[in-house]
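**Q** Structure supplied as data.cif; contents: mmCIF, C-alpha atoms.
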```cif
data_upload
#
loop_
_atom_site.label_atom_id
_atom_site.label_comp_id
_atom_site.auth_asym_id
_atom_site.auth_seq_id
_atom_site.Cartn_x
_atom_site.Cartn_y
_atom_site.Cartn_z
CA MET W 1 10.49 -110.97 -81.10
CA HIS W 2 7.38 -108.94 -80.66
CA ARG W 3 5.08 -111.64 -81.95
CA ARG W 4 5.68 -113.61 -78.83
CA THR W 5 3.29 -111.39 -76.96
CA LEU W 6 0.68 -111.25 -79.64
CA VAL W 7 -1.09 -114.54 -79.79
CA LYS W 8 -0.88 -117.47 -77.50
CA ILE W 9 -2.67 -120.60 -78.39
CA LEU W 10 -3.65 -122.46 -75.33
CA PRO W 11 -5.87 -125.46 -75.23
CA PHE W 12 -8.78 -125.74 -72.92
CA ALA W 13 -8.43 -128.28 -70.21
CA ALA W 14 -9.74 -131.51 -71.62
CA LEU W 15 -12.24 -131.86 -68.83
CA ALA W 16 -15.79 -131.26 -69.75
CA ILE W 17 -16.34 -127.61 -69.11
CA ALA W 18 -19.05 -125.33 -70.22
CA VAL W 19 -18.10 -122.87 -72.90
CA PRO W 20 -19.66 -119.89 -71.30
CA GLY W 21 -19.48 -117.17 -73.90
CA ASN W 22 -22.49 -118.42 -75.76
CA ALA W 23 -24.96 -116.33 -73.82
CA THR W 24 -24.27 -112.67 -74.04
CA VAL W 25 -26.15 -109.71 -72.67
CA TYR W 26 -25.18 -106.51 -74.43
CA LEU W 27 -27.67 -103.92 -73.32
CA THR W 28 -30.68 -103.65 -71.04
CA VAL W 29 -33.86 -102.25 -72.53
CA GLU W 30 -33.16 -98.89 -70.88
CA GLN W 31 -29.61 -98.81 -72.22
CA ALA W 32 -30.78 -99.66 -75.73
CA GLN W 33 -33.36 -96.89 -75.53
CA SER W 34 -30.81 -94.32 -74.51
CA VAL W 35 -28.44 -95.47 -77.29
CA MET W 36 -31.15 -95.36 -79.94
CA PHE W 37 -33.16 -92.37 -78.70
CA PRO W 38 -30.71 -90.27 -76.68
CA HIS W 39 -32.31 -87.54 -74.57
CA GLN W 40 -35.84 -88.49 -75.59
CA ARG W 41 -38.66 -89.54 -73.35
CA LEU W 42 -40.23 -92.81 -74.50
CA THR W 43 -43.83 -93.70 -73.70
CA PRO W 44 -44.76 -97.37 -73.61
CA VAL W 45 -47.55 -98.40 -75.94
CA PHE W 46 -47.96 -102.08 -75.14
CA ARG W 47 -50.82 -104.01 -76.63
CA GLU W 48 -51.93 -107.44 -77.64
CA LEU W 49 -52.00 -108.11 -81.36
CA GLN W 50 -55.32 -109.36 -82.69
CA ALA W 51 -55.47 -112.54 -84.74
CA ALA W 52 -56.29 -110.57 -87.87
CA GLU W 53 -53.31 -108.27 -87.28
CA ILE W 54 -50.96 -111.20 -86.81
CA GLU W 55 -52.24 -112.69 -90.03
CA ALA W 56 -51.73 -109.41 -91.88
CA ILE W 57 -48.21 -109.01 -90.47
CA LYS W 58 -47.35 -112.53 -91.52
CA LYS W 59 -48.70 -111.93 -95.00
CA ALA W 60 -46.84 -108.66 -95.42
CA SER W 61 -43.49 -109.75 -93.98
CA GLY W 62 -43.30 -113.49 -94.45
CA THR W 63 -42.91 -114.33 -90.75
CA ALA W 64 -45.30 -114.38 -87.83
CA PRO W 65 -44.52 -112.75 -84.47
CA LEU W 66 -43.34 -115.09 -81.72
CA SER W 67 -45.50 -113.34 -79.21
CA LYS W 68 -48.88 -111.65 -79.33
CA GLN W 69 -47.57 -108.98 -77.00
CA LEU W 70 -46.32 -105.98 -78.93
CA GLN W 71 -43.75 -104.08 -76.89
CA ALA W 72 -43.40 -100.65 -78.42
CA TRP W 73 -42.49 -97.20 -77.10
CA ARG W 74 -43.32 -93.94 -78.81
CA ALA W 75 -40.55 -91.34 -78.82
CA GLN W 76 -41.08 -87.61 -78.41
CA ASP W 77 -40.11 -86.97 -82.03
CA GLY W 78 -42.74 -89.41 -83.30
CA GLY W 79 -40.31 -92.30 -83.80
CA TRP W 80 -40.78 -95.76 -82.31
CA PHE W 81 -38.70 -98.18 -80.29
CA ILE W 82 -39.88 -101.78 -80.67
CA LEU W 83 -38.58 -104.68 -78.63
CA ASP W 84 -38.75 -108.17 -80.08
CA ARG W 85 -37.30 -111.68 -80.07
CA VAL W 86 -36.36 -114.12 -82.77
CA VAL W 87 -35.50 -117.77 -82.49
CA GLY W 88 -33.19 -119.45 -84.93
CA LYS W 89 -32.16 -123.05 -85.21
CA HIS W 90 -29.53 -122.53 -82.54
CA GLU W 91 -30.01 -119.04 -81.24
CA PHE W 92 -32.39 -116.93 -79.26
CA ILE W 93 -32.02 -113.21 -79.77
CA THR W 94 -33.60 -110.17 -78.15
CA TYR W 95 -33.26 -107.07 -80.27
CA ALA W 96 -34.72 -103.62 -80.72
CA VAL W 97 -35.57 -101.59 -83.78
CA ALA W 98 -35.68 -97.80 -83.95
CA ILE W 99 -38.19 -96.49 -86.47
CA THR W 100 -38.05 -92.89 -87.63
CA PRO W 101 -41.08 -90.57 -87.59
CA GLN W 102 -41.14 -91.14 -91.37
CA GLY W 103 -41.56 -94.86 -90.82
CA THR W 104 -38.15 -96.11 -91.91
CA VAL W 105 -35.77 -98.32 -89.94
CA ARG W 106 -32.99 -96.22 -88.51
CA ASP W 107 -31.20 -98.64 -86.21
CA VAL W 108 -31.13 -102.21 -85.03
CA GLU W 109 -29.52 -103.17 -81.77
CA ILE W 110 -29.00 -106.64 -80.27
CA LEU W 111 -29.83 -106.73 -76.55
CA ASP W 112 -28.94 -110.32 -75.84
CA TYR W 113 -27.86 -113.35 -77.79
CA ARG W 114 -28.05 -116.93 -76.61
CA GLU W 115 -26.84 -119.99 -78.41
CA THR W 116 -28.52 -123.24 -77.63
CA TYR W 117 -25.64 -125.49 -78.56
CA GLY W 118 -24.10 -127.60 -75.90
CA GLY W 119 -20.79 -126.07 -75.02
CA GLU W 120 -18.51 -128.79 -73.78
CA VAL W 121 -14.91 -129.20 -74.68
CA ARG W 122 -13.74 -132.75 -74.48
CA ASN W 123 -11.29 -133.77 -77.07
CA PRO W 124 -8.09 -135.28 -75.75
CA ASN W 125 -6.75 -136.02 -79.25
CA TRP W 126 -6.17 -132.51 -80.30
CA ARG W 127 -4.89 -131.55 -76.93
CA GLN W 128 -2.21 -134.19 -77.17
CA GLN W 129 -0.61 -132.33 -80.02
CA PHE W 130 0.22 -129.44 -77.81
CA VAL W 131 2.16 -131.41 -75.27
CA GLY W 132 5.75 -130.27 -75.38
CA LYS W 133 5.04 -127.34 -77.64
CA ARG W 134 5.95 -123.86 -76.65
CA PHE W 135 2.90 -122.81 -74.82
CA GLY W 136 4.19 -120.64 -72.06
CA ALA W 137 1.02 -119.75 -70.26
CA PRO W 138 -0.50 -122.16 -67.79
CA LEU W 139 -3.71 -123.89 -68.65
CA GLN W 140 -6.68 -121.98 -67.50
CA ILE W 141 -10.32 -122.58 -67.47
CA ASP W 142 -11.60 -119.19 -68.30
CA LYS W 143 -15.11 -118.63 -67.15
CA ASP W 144 -15.72 -115.59 -69.24
CA ILE W 145 -14.78 -116.05 -72.83
CA LYS W 146 -16.86 -113.50 -74.56
CA ASN W 147 -15.40 -113.60 -78.03
CA ILE W 148 -15.87 -116.50 -80.35
CA SER W 149 -14.42 -117.05 -83.78
CA GLY W 150 -15.88 -119.86 -85.83
CA ALA W 151 -18.04 -120.07 -88.88
CA THR W 152 -19.62 -116.71 -89.54
CA LEU W 153 -23.15 -116.61 -88.19
CA SER W 154 -25.79 -115.28 -90.49
CA SER W 155 -27.95 -112.46 -89.16
CA ARG W 156 -30.82 -113.52 -91.37
CA HIS W 157 -33.25 -114.19 -88.52
CA VAL W 158 -32.90 -110.69 -87.20
CA THR W 159 -33.17 -109.29 -90.73
CA ASP W 160 -36.45 -111.19 -91.13
CA GLY W 161 -37.57 -109.90 -87.74
CA VAL W 162 -36.82 -106.30 -88.69
CA ARG W 163 -38.93 -106.69 -91.82
CA ARG W 164 -41.74 -108.05 -89.67
CA LEU W 165 -41.50 -105.15 -87.21
CA LEU W 166 -41.63 -102.67 -90.06
CA ALA W 167 -44.83 -104.36 -91.22
CA THR W 168 -46.10 -104.28 -87.63
CA TYR W 169 -45.41 -100.56 -87.51
CA GLN W 170 -47.23 -99.93 -90.79
CA LEU W 171 -50.21 -102.17 -90.04
CA VAL W 172 -50.64 -101.49 -86.34
CA LEU W 173 -48.71 -98.59 -84.84
CA ALA W 174 -48.94 -96.09 -87.68
CA ARG W 175 -52.70 -96.49 -87.71
CA ALA W 176 -53.22 -96.15 -83.99
CA MET O 1 -19.45 -100.80 -73.20
CA ARG O 2 -20.28 -103.63 -75.50
CA ARG O 3 -22.78 -103.37 -78.31
CA CYS O 4 -23.85 -105.74 -81.06
CA ARG O 5 -25.61 -104.84 -84.29
CA PRO O 6 -26.58 -106.85 -87.37
CA LEU O 7 -24.28 -105.60 -90.15
CA LEU O 8 -22.25 -107.14 -92.97
CA GLY O 9 -24.68 -110.05 -92.99
CA THR O 10 -23.63 -111.11 -89.51
CA TYR O 11 -23.55 -109.87 -85.93
CA VAL O 12 -20.93 -107.22 -85.28
CA GLU O 13 -19.76 -106.66 -81.71
CA ILE O 14 -17.73 -103.72 -80.53
CA ASP O 15 -16.24 -103.64 -77.07
CA CYS O 16 -14.68 -100.43 -75.79
CA LYS O 17 -14.81 -98.23 -72.70
CA SER O 18 -15.78 -95.19 -74.71
CA ALA O 19 -19.39 -95.15 -75.91
CA ASP O 20 -18.45 -92.53 -78.49
CA ALA O 21 -15.75 -94.79 -79.89
CA VAL O 22 -18.22 -97.68 -80.11
CA ALA O 23 -20.60 -95.44 -82.05
CA ALA O 24 -17.77 -94.30 -84.33
CA GLY O 25 -16.78 -97.91 -84.97
CA PHE O 26 -20.32 -98.87 -85.96
CA ALA O 27 -20.61 -95.80 -88.17
CA ALA O 28 -17.47 -96.88 -90.03
CA ILE O 29 -18.82 -100.41 -90.50
CA GLU O 30 -22.16 -99.11 -91.75
CA ARG O 31 -20.34 -96.93 -94.24
CA ILE O 32 -18.29 -99.86 -95.58
CA HIS O 33 -21.39 -102.06 -95.63
CA THR O 34 -23.30 -99.48 -97.70
CA MET O 35 -20.49 -99.11 -100.22
CA MET O 36 -19.46 -102.72 -100.64
CA SER O 37 -22.52 -104.93 -100.34
CA ALA O 38 -23.29 -106.59 -103.66
CA HIS O 39 -26.77 -107.30 -102.26
CA ALA O 40 -27.72 -103.62 -102.45
CA GLN O 41 -28.56 -102.30 -105.89
CA SER O 42 -26.98 -98.87 -105.42
CA SER O 43 -23.77 -99.81 -103.63
CA GLU O 44 -20.48 -98.90 -105.26
CA ILE O 45 -19.66 -102.51 -105.97
CA SER O 46 -23.08 -103.08 -107.56
CA ASN O 47 -22.52 -100.04 -109.77
CA VAL O 48 -19.22 -101.55 -110.83
CA ASN O 49 -20.97 -104.84 -111.62
CA ARG O 50 -23.66 -103.06 -113.61
CA PHE O 51 -21.67 -100.50 -115.57
CA ALA O 52 -17.88 -100.91 -115.34
CA HIS O 53 -17.72 -103.08 -118.47
CA LEU O 54 -19.11 -100.07 -120.37
CA ALA O 55 -17.14 -97.20 -118.84
CA PRO O 56 -14.95 -96.59 -115.78
CA VAL O 57 -16.95 -96.30 -112.54
CA ALA O 58 -15.62 -93.96 -109.88
CA VAL O 59 -15.33 -95.50 -106.43
CA SER O 60 -14.44 -94.19 -102.97
CA ASP O 61 -10.95 -94.49 -101.50
CA ASP O 62 -12.19 -97.32 -99.30
CA THR O 63 -13.56 -99.40 -102.15
CA ALA O 64 -10.44 -98.73 -104.20
CA LYS O 65 -8.29 -99.90 -101.29
CA VAL O 66 -10.23 -103.13 -100.85
CA LEU O 67 -10.12 -103.83 -104.57
CA ARG O 68 -6.39 -103.17 -104.67
CA ARG O 69 -5.80 -105.51 -101.75
CA ALA O 70 -8.04 -108.17 -103.30
CA LEU O 71 -6.02 -107.95 -106.51
CA ASP O 72 -2.78 -108.20 -104.53
CA TRP O 73 -4.01 -111.45 -103.03
CA SER O 74 -5.22 -112.72 -106.39
CA ARG O 75 -1.80 -112.09 -107.87
CA ALA O 76 0.04 -113.59 -104.90
CA SER O 77 -2.15 -116.69 -104.86
CA ASN O 78 -2.21 -117.17 -108.64
CA GLY O 79 -5.93 -116.61 -108.76
CA VAL O 80 -6.90 -118.81 -105.83
CA PHE O 81 -8.39 -115.72 -104.25
CA ASP O 82 -10.58 -114.23 -106.96
CA ILE O 83 -13.42 -111.78 -106.34
CA ALA O 84 -14.60 -112.02 -109.96
CA ARG O 85 -14.92 -115.79 -110.09
CA ALA O 86 -16.42 -115.86 -106.61
CA GLY O 87 -18.94 -113.22 -107.65
CA GLY O 88 -19.82 -115.04 -110.84
CA ARG O 89 -20.41 -118.22 -108.90
CA ALA O 90 -22.45 -116.46 -106.23
CA LEU O 91 -24.67 -114.94 -108.91
CA THR O 92 -25.14 -118.30 -110.60
CA ASN O 93 -25.96 -119.99 -107.30
CA GLY O 94 -28.44 -117.33 -106.35
CA ASP O 95 -26.36 -116.20 -103.38
CA LEU O 96 -26.24 -112.74 -104.93
CA PRO O 97 -29.10 -110.96 -106.70
CA ARG O 98 -28.77 -109.66 -110.23
CA HIS O 99 -29.75 -106.00 -110.18
CA ASP O 100 -31.50 -103.89 -112.83
CA GLY O 101 -29.17 -103.45 -115.77
CA GLN O 102 -26.61 -105.88 -114.42
CA PRO O 103 -25.33 -108.22 -117.12
CA PHE O 104 -24.60 -111.89 -116.68
CA PRO O 105 -20.84 -112.21 -116.27
CA ASP O 106 -18.74 -113.77 -118.98
CA PRO O 107 -18.00 -117.33 -117.89
CA GLY O 108 -14.27 -116.77 -118.23
CA ALA O 109 -14.20 -113.49 -116.28
CA ASP O 110 -11.61 -113.62 -113.54
CA TRP O 111 -9.59 -111.13 -111.49
CA THR O 112 -7.44 -110.16 -114.46
CA VAL O 113 -10.37 -108.30 -116.08
CA ILE O 114 -10.40 -105.78 -113.22
CA GLN O 115 -8.56 -102.50 -113.85
CA LEU O 116 -8.18 -99.94 -111.13
CA ASP O 117 -7.01 -96.50 -112.20
CA ALA O 118 -7.04 -93.33 -110.14
CA GLY O 119 -10.11 -94.26 -108.14
CA ALA O 120 -12.08 -95.63 -111.07
CA VAL O 121 -12.79 -99.27 -111.87
CA SER O 122 -13.10 -100.74 -115.35
CA LEU O 123 -13.92 -104.28 -116.30
CA ALA O 124 -12.43 -105.61 -119.52
CA THR O 125 -15.47 -107.83 -119.86
CA LYS O 126 -18.78 -108.39 -118.08
CA ALA O 127 -18.04 -109.59 -114.57
CA CYS O 128 -19.64 -109.77 -111.14
CA LEU O 129 -17.32 -108.79 -108.30
CA ASP O 130 -18.04 -109.94 -104.78
CA LEU O 131 -16.04 -108.45 -101.94
CA GLY O 132 -17.58 -110.86 -99.43
CA GLY O 133 -14.25 -112.58 -98.84
CA ILE O 134 -12.34 -109.48 -97.81
CA ALA O 135 -14.63 -106.51 -97.06
CA LYS O 136 -15.72 -107.82 -93.68
CA GLY O 137 -12.12 -107.75 -92.53
CA TYR O 138 -11.60 -104.35 -94.09
CA ALA O 139 -14.67 -103.07 -92.23
CA VAL O 140 -13.19 -104.31 -88.95
CA ASP O 141 -9.97 -102.42 -89.70
CA ALA O 142 -11.94 -99.30 -90.59
CA ALA O 143 -13.83 -99.54 -87.30
CA VAL O 144 -10.56 -99.82 -85.38
CA ASP O 145 -9.20 -96.74 -87.18
CA ALA O 146 -12.38 -94.80 -86.41
CA MET O 147 -12.29 -95.80 -82.75
CA ARG O 148 -8.66 -94.74 -82.43
CA ALA O 149 -9.44 -91.43 -84.14
CA GLN O 150 -12.15 -90.98 -81.51
CA GLY O 151 -9.48 -91.29 -78.85
CA ALA O 152 -10.04 -94.87 -77.71
CA ASP O 153 -6.90 -96.52 -76.39
CA ALA O 154 -8.16 -100.10 -76.44
CA GLY O 155 -11.01 -102.03 -77.99
CA LEU O 156 -12.17 -105.09 -79.85
CA VAL O 157 -14.23 -105.34 -83.01
CA ASN O 158 -15.71 -108.74 -83.89
CA ALA O 159 -17.63 -109.11 -87.14
CA GLY O 160 -18.95 -112.65 -86.98
CA GLY O 161 -15.57 -114.12 -86.08
CA ASP O 162 -13.40 -111.72 -88.07
CA MET O 163 -11.98 -109.66 -85.28
CA ARG O 164 -9.26 -107.28 -84.29
CA GLY O 165 -8.15 -106.01 -80.93
CA PHE O 166 -6.10 -102.91 -80.28
CA GLY O 167 -4.47 -101.23 -77.36
CA PRO O 168 -2.48 -102.35 -74.34
CA ARG O 169 -4.53 -105.33 -73.28
CA THR O 170 -5.36 -108.81 -74.44
CA TRP O 171 -8.70 -110.28 -75.38
CA ARG O 172 -9.58 -113.85 -74.62
CA VAL O 173 -10.98 -115.54 -77.69
CA ALA O 174 -12.34 -119.03 -78.23
CA VAL O 175 -12.07 -120.54 -81.68
CA ALA O 176 -15.04 -122.82 -82.02
CA GLU O 177 -15.60 -125.93 -84.06
CA PRO O 178 -17.89 -124.49 -86.71
CA TRP O 179 -20.48 -127.24 -86.81
CA THR O 180 -21.03 -127.58 -83.09
CA ARG O 181 -19.85 -124.09 -82.05
CA ARG O 182 -17.88 -125.76 -79.29
CA GLY O 183 -14.76 -123.92 -78.26
CA LEU O 184 -11.63 -125.88 -79.13
CA VAL O 185 -8.82 -123.37 -78.94
CA GLU O 186 -8.35 -120.46 -76.65
CA LEU O 187 -6.25 -117.49 -77.68
CA ASP O 188 -5.15 -114.21 -76.24
CA LEU O 189 -5.48 -111.61 -78.91
CA ALA O 190 -3.62 -108.32 -78.61
CA ASP O 191 -3.12 -105.67 -81.28
CA HIS O 192 -3.75 -108.29 -83.90
CA ALA O 193 -6.49 -109.62 -86.12
CA LEU O 194 -8.03 -113.07 -86.28
CA ALA O 195 -10.35 -114.55 -88.87
CA THR O 196 -11.94 -117.96 -89.22
CA SER O 197 -13.50 -119.43 -92.34
CA ALA O 198 -15.42 -122.64 -92.38
CA GLY O 199 -15.97 -124.70 -95.44
CA LEU O 200 -19.53 -123.67 -95.88
CA ARG O 201 -21.23 -122.92 -99.10
CA GLY O 202 -21.83 -119.42 -100.24
CA SER O 203 -20.11 -116.44 -101.60
CA ASP O 204 -16.77 -116.24 -99.92
CA GLY O 205 -14.26 -114.71 -102.29
CA LEU O 206 -12.69 -117.99 -103.13
CA SER O 207 -12.46 -119.81 -106.39
CA PHE O 208 -12.52 -123.56 -105.92
CA ALA O 209 -12.06 -124.21 -109.62
CA HIS O 210 -9.03 -126.35 -110.51
CA LEU O 211 -8.08 -126.79 -106.89
CA ASP O 212 -7.74 -129.72 -104.63
CA VAL O 213 -9.68 -128.33 -101.74
CA CYS O 214 -8.74 -129.32 -98.23
CA GLY O 215 -12.37 -129.28 -97.22
CA ASP O 216 -12.55 -133.03 -96.71
CA GLU O 217 -10.10 -132.92 -93.88
CA TRP O 218 -10.75 -129.55 -92.31
CA ARG O 219 -13.72 -127.94 -90.69
CA SER O 220 -12.27 -124.46 -90.48
CA VAL O 221 -9.17 -122.37 -90.94
CA THR O 222 -8.12 -119.58 -88.58
CA VAL O 223 -5.55 -116.94 -89.52
CA CYS O 224 -3.82 -114.48 -87.20
CA ALA O 225 -2.58 -111.45 -89.14
CA PRO O 226 -1.64 -107.85 -88.42
CA CYS O 227 -4.85 -106.55 -90.00
CA ALA O 228 -8.31 -108.07 -90.38
CA CYS O 229 -8.48 -107.42 -94.12
CA ASP O 230 -5.51 -109.72 -94.71
CA ALA O 231 -6.66 -112.24 -92.12
CA ASP O 232 -10.04 -112.45 -93.88
CA ALA O 233 -8.54 -112.97 -97.35
CA LEU O 234 -5.89 -115.38 -96.10
CA THR O 235 -8.40 -117.76 -94.52
CA LYS O 236 -9.75 -118.48 -98.00
CA ILE O 237 -6.29 -118.94 -99.47
CA VAL O 238 -5.19 -121.25 -96.66
CA TRP O 239 -8.41 -123.18 -96.98
CA ALA O 240 -7.69 -123.83 -100.65
CA LEU O 241 -3.92 -124.25 -100.63
CA GLY O 242 -3.38 -125.92 -97.29
CA HIS O 243 0.27 -126.11 -96.31
CA ARG O 244 1.29 -124.64 -99.65
CA SER O 245 0.14 -121.30 -98.28
CA SER O 246 3.00 -121.14 -95.75
CA GLY O 247 5.02 -118.70 -97.85
CA LEU O 248 2.12 -116.31 -98.29
CA LEU O 249 1.35 -116.45 -94.60
CA ALA O 250 4.92 -115.69 -93.65
CA ALA O 251 5.14 -112.82 -96.13
CA ALA O 252 2.06 -111.29 -94.53
CA GLY O 253 3.43 -111.68 -91.00
CA SER O 254 0.69 -114.18 -90.33
CA HIS O 255 0.17 -117.68 -89.10
CA ALA O 256 -2.69 -120.11 -89.20
CA PHE O 257 -4.19 -123.32 -87.95
CA ALA O 258 -6.95 -125.57 -89.13
CA ILE O 259 -9.53 -127.48 -87.13
CA GLY O 260 -9.75 -130.97 -88.58
CA VAL O 261 -12.89 -133.01 -88.98
CA GLN O 262 -11.89 -135.07 -85.94
CA GLY O 263 -11.33 -131.98 -83.85
CA SER O 264 -7.58 -131.97 -84.27
CA ILE O 265 -5.68 -128.71 -84.43
CA GLU O 266 -3.27 -128.54 -87.33
CA PRO O 267 -0.73 -125.70 -87.46
CA ILE O 268 -0.04 -124.25 -90.89
CA GLY O 269 3.14 -122.42 -91.70
CA SER O 270 6.41 -122.65 -89.83
CA GLU O 271 5.49 -120.00 -87.31
CA ALA O 272 2.09 -121.36 -86.54
CA LEU O 273 2.97 -122.32 -83.02
CA ALA O 274 5.48 -119.62 -82.18
CA ALA O 275 3.46 -118.40 -79.30
#
```
What's the structure tokens form of this structure?

**A**
Amino acid sequence: MHRRTLVKILPFAALAIAVPGNATVYLTVEQAQSVMFPHQRLTPVFRELQAAEIEAIKKASGTAPLSKQLQAWRAQDGGWFILDRVVGKHEFITYAVAITPQGTVRDVEILDYRETYGGEVRNPNWRQQFVGKRFGAPLQIDKDIKNISGATLSSRHVTDGVRRLLATYQLVLARA
Amino acid sequence: MRRCRPLLGTYVEIDCKSADAVAAGFAAIERIHTMMSAHAQSSEISNVNRFAHLAPVAVSDDTAKVLRRALDWSRASNGVFDIARAGGRALTNGDLPRHDGQPFPDPGADWTVIQLDAGAVSLATKACLDLGGIAKGYAVDAAVDAMRAQGADAGLVNAGGDMRGFGPRTWRVAVAEPWTRRGLVELDLADHALATSAGLRGSDGLSFAHLDVCGDEWRSVTVCAPCACDADALTKIVWALGHRSSGLLAAAGSHAFAIGVQGSIEPIGSEALAA
């Protein structure tokens, strides 16, 4: 039957191996810029945030920037591309926000995502259950598992970060 | 090309050779997100929650489809899957906001108060519907449709673990233990959907009332189904009914397994291991 080809459950080897997929690079900065501002020239406007600005951003958005360095690019149409990072309990995320000339968020793009969990698989008990079952494919240690299904991860940290960048735009960039 | 954007409350990844198809997939997910998020005051589902107890509220084809499918699963599971009870609980717990003009739901409001007629929704009594347990999967399906319409022959859409691959190739997927995020099971996914639910708090489309929940023994439930909408809904039903969900799984052409608290893998349904 057709299903045979659909899904094969195969256990990892019980040896301790790194689960690799937990660090993912999606786009470089240049790629993100061309996705978010196609055919537009972007001019870097990097600057160091002053203590008073950081305080104001924190007050307006509820979170403080991780870094004093503001990495922003101005687009030809008056929009902005801002690069930023957020750190969660278990994740470290680089992302970019596209802000329209009217000062609204148009787009959010994740550039890279790293989980800080340990990624070892060592559980002989569960593996034992599969012995003798119909698992046709040989065991493999795949070095490039990109896709993970587990508990749904909340994107709250990035949502908080986007709110902070919007405040940064209003308090710093829009006034420049 | 592989992009990732924060949508549907989680991180959505789309992997496809065609950049245009990736963009089309994200556009579809944004559209579903805008219509079906109960967090947004002006979404279709929020309008239903605010006004449908007073008069029928017109909804898009997409929202009507999701509601119809949610009601199918409510009926089939005898109310185990219930977007009205889940929504009422989410509102009470503060997991969902109560918008301007939105009434408190009647405590007894369940899925049977929802009437869907020619693209309009009525509620027989005040209720708060939450599509959180099914719309994520539906959005994945909509993205796949949009990517195919754009001419893509293969791709993968992964909305925080609810995923679907299409086309003549397989996608290597790790199902992770939800607490540690360690990969425990490796699958090859092809032209199929996969969804995992963990027993975490929050608004998830499931009514735990009057159920003996399997949450003491299991960390997560993973369902493989032909479409992501069904896979998404079924994870909640399997979570609640355990092995009693075998019949529903089989009827939906699906199979499932649970990850136990000790890291064991427990097949559910007779076809669970027919690999």

**Q** Would you kindly translate the PyMOL selection byres ((chain O and resi 49) around 7) into the concrete residues it picks from this file, as a PyMOL selection string?

**A** chain O and resi 45-48+50-52+102+127-129

**Q** So what do you get for CA of Asn78 (chain O) versus CA of Gly9 (chain O), distance-wise?

**A**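 Between CA of Asn78 (chain O) and CA of Gly9 (chain O) the gap works out to 28.3 Å.
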
**Q** Starting from chain O, keep only residues with some atom at most 6 Å from an atom of chain W, counting all atoms listed in the file, and report them as a ChimeraX atom specification.

**A** /O:2-5,9-10,160-161,172-176,178,182,185-190,196-198,264-265,275

**Q** Running the PyMOL selection byres ((chain O and resi 260) around 6) on this model by hand, what would come out? Give it as an NGL selection string.

**A** :O and (217-219 or 259 or 261-264)

**Q** Can you translate the PyMOL selection byres ((chain O and resi 113-116) around 10) into the concrete residues it hits in this file, as an NGL selection string?

**A** :O and (52-53 or 56-59 or 64-65 or 67-68 or 71 or 83-84 or 108-112 or 117-127 or 129)

**Q** Considering all atoms listed in the file, state which residue in the set W:Gln170, W:Gln76, W:Gln33, W:Thr28 is at the smallest distance from Val97 (chain W).

**A**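 Nearest candidate to Val97 (chain W) out of W:Gln170, W:Gln76, W:Gln33, W:Thr28: W:Gln33.
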
**Q** In terms of the shortest atom-to-atom distance over all atoms listed in the file, which of W:Ala167, W:Gln71, W:Pro65, W:Gly79 is closest to Arg47 (chain W)?

**A**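 Using all atoms listed in the file, the shortest distance to Arg47 (chain W) belongs to W:Gln71.
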
**Q** Report the distance between CA of Phe257 (chain O) and CA of Ala76 (chain O) in Å, rounded to one decimal place.

**A**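 It comes out at 20.0 Å.
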
**Q** Measure the distance from CA of Thr34 (chain O) to CA of Leu7 (chain O) in Å and round it to one decimal.

**A**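 If I compute the distance from CA of Thr34 (chain O) to CA of Leu7 (chain O), I get 9.8 Å.
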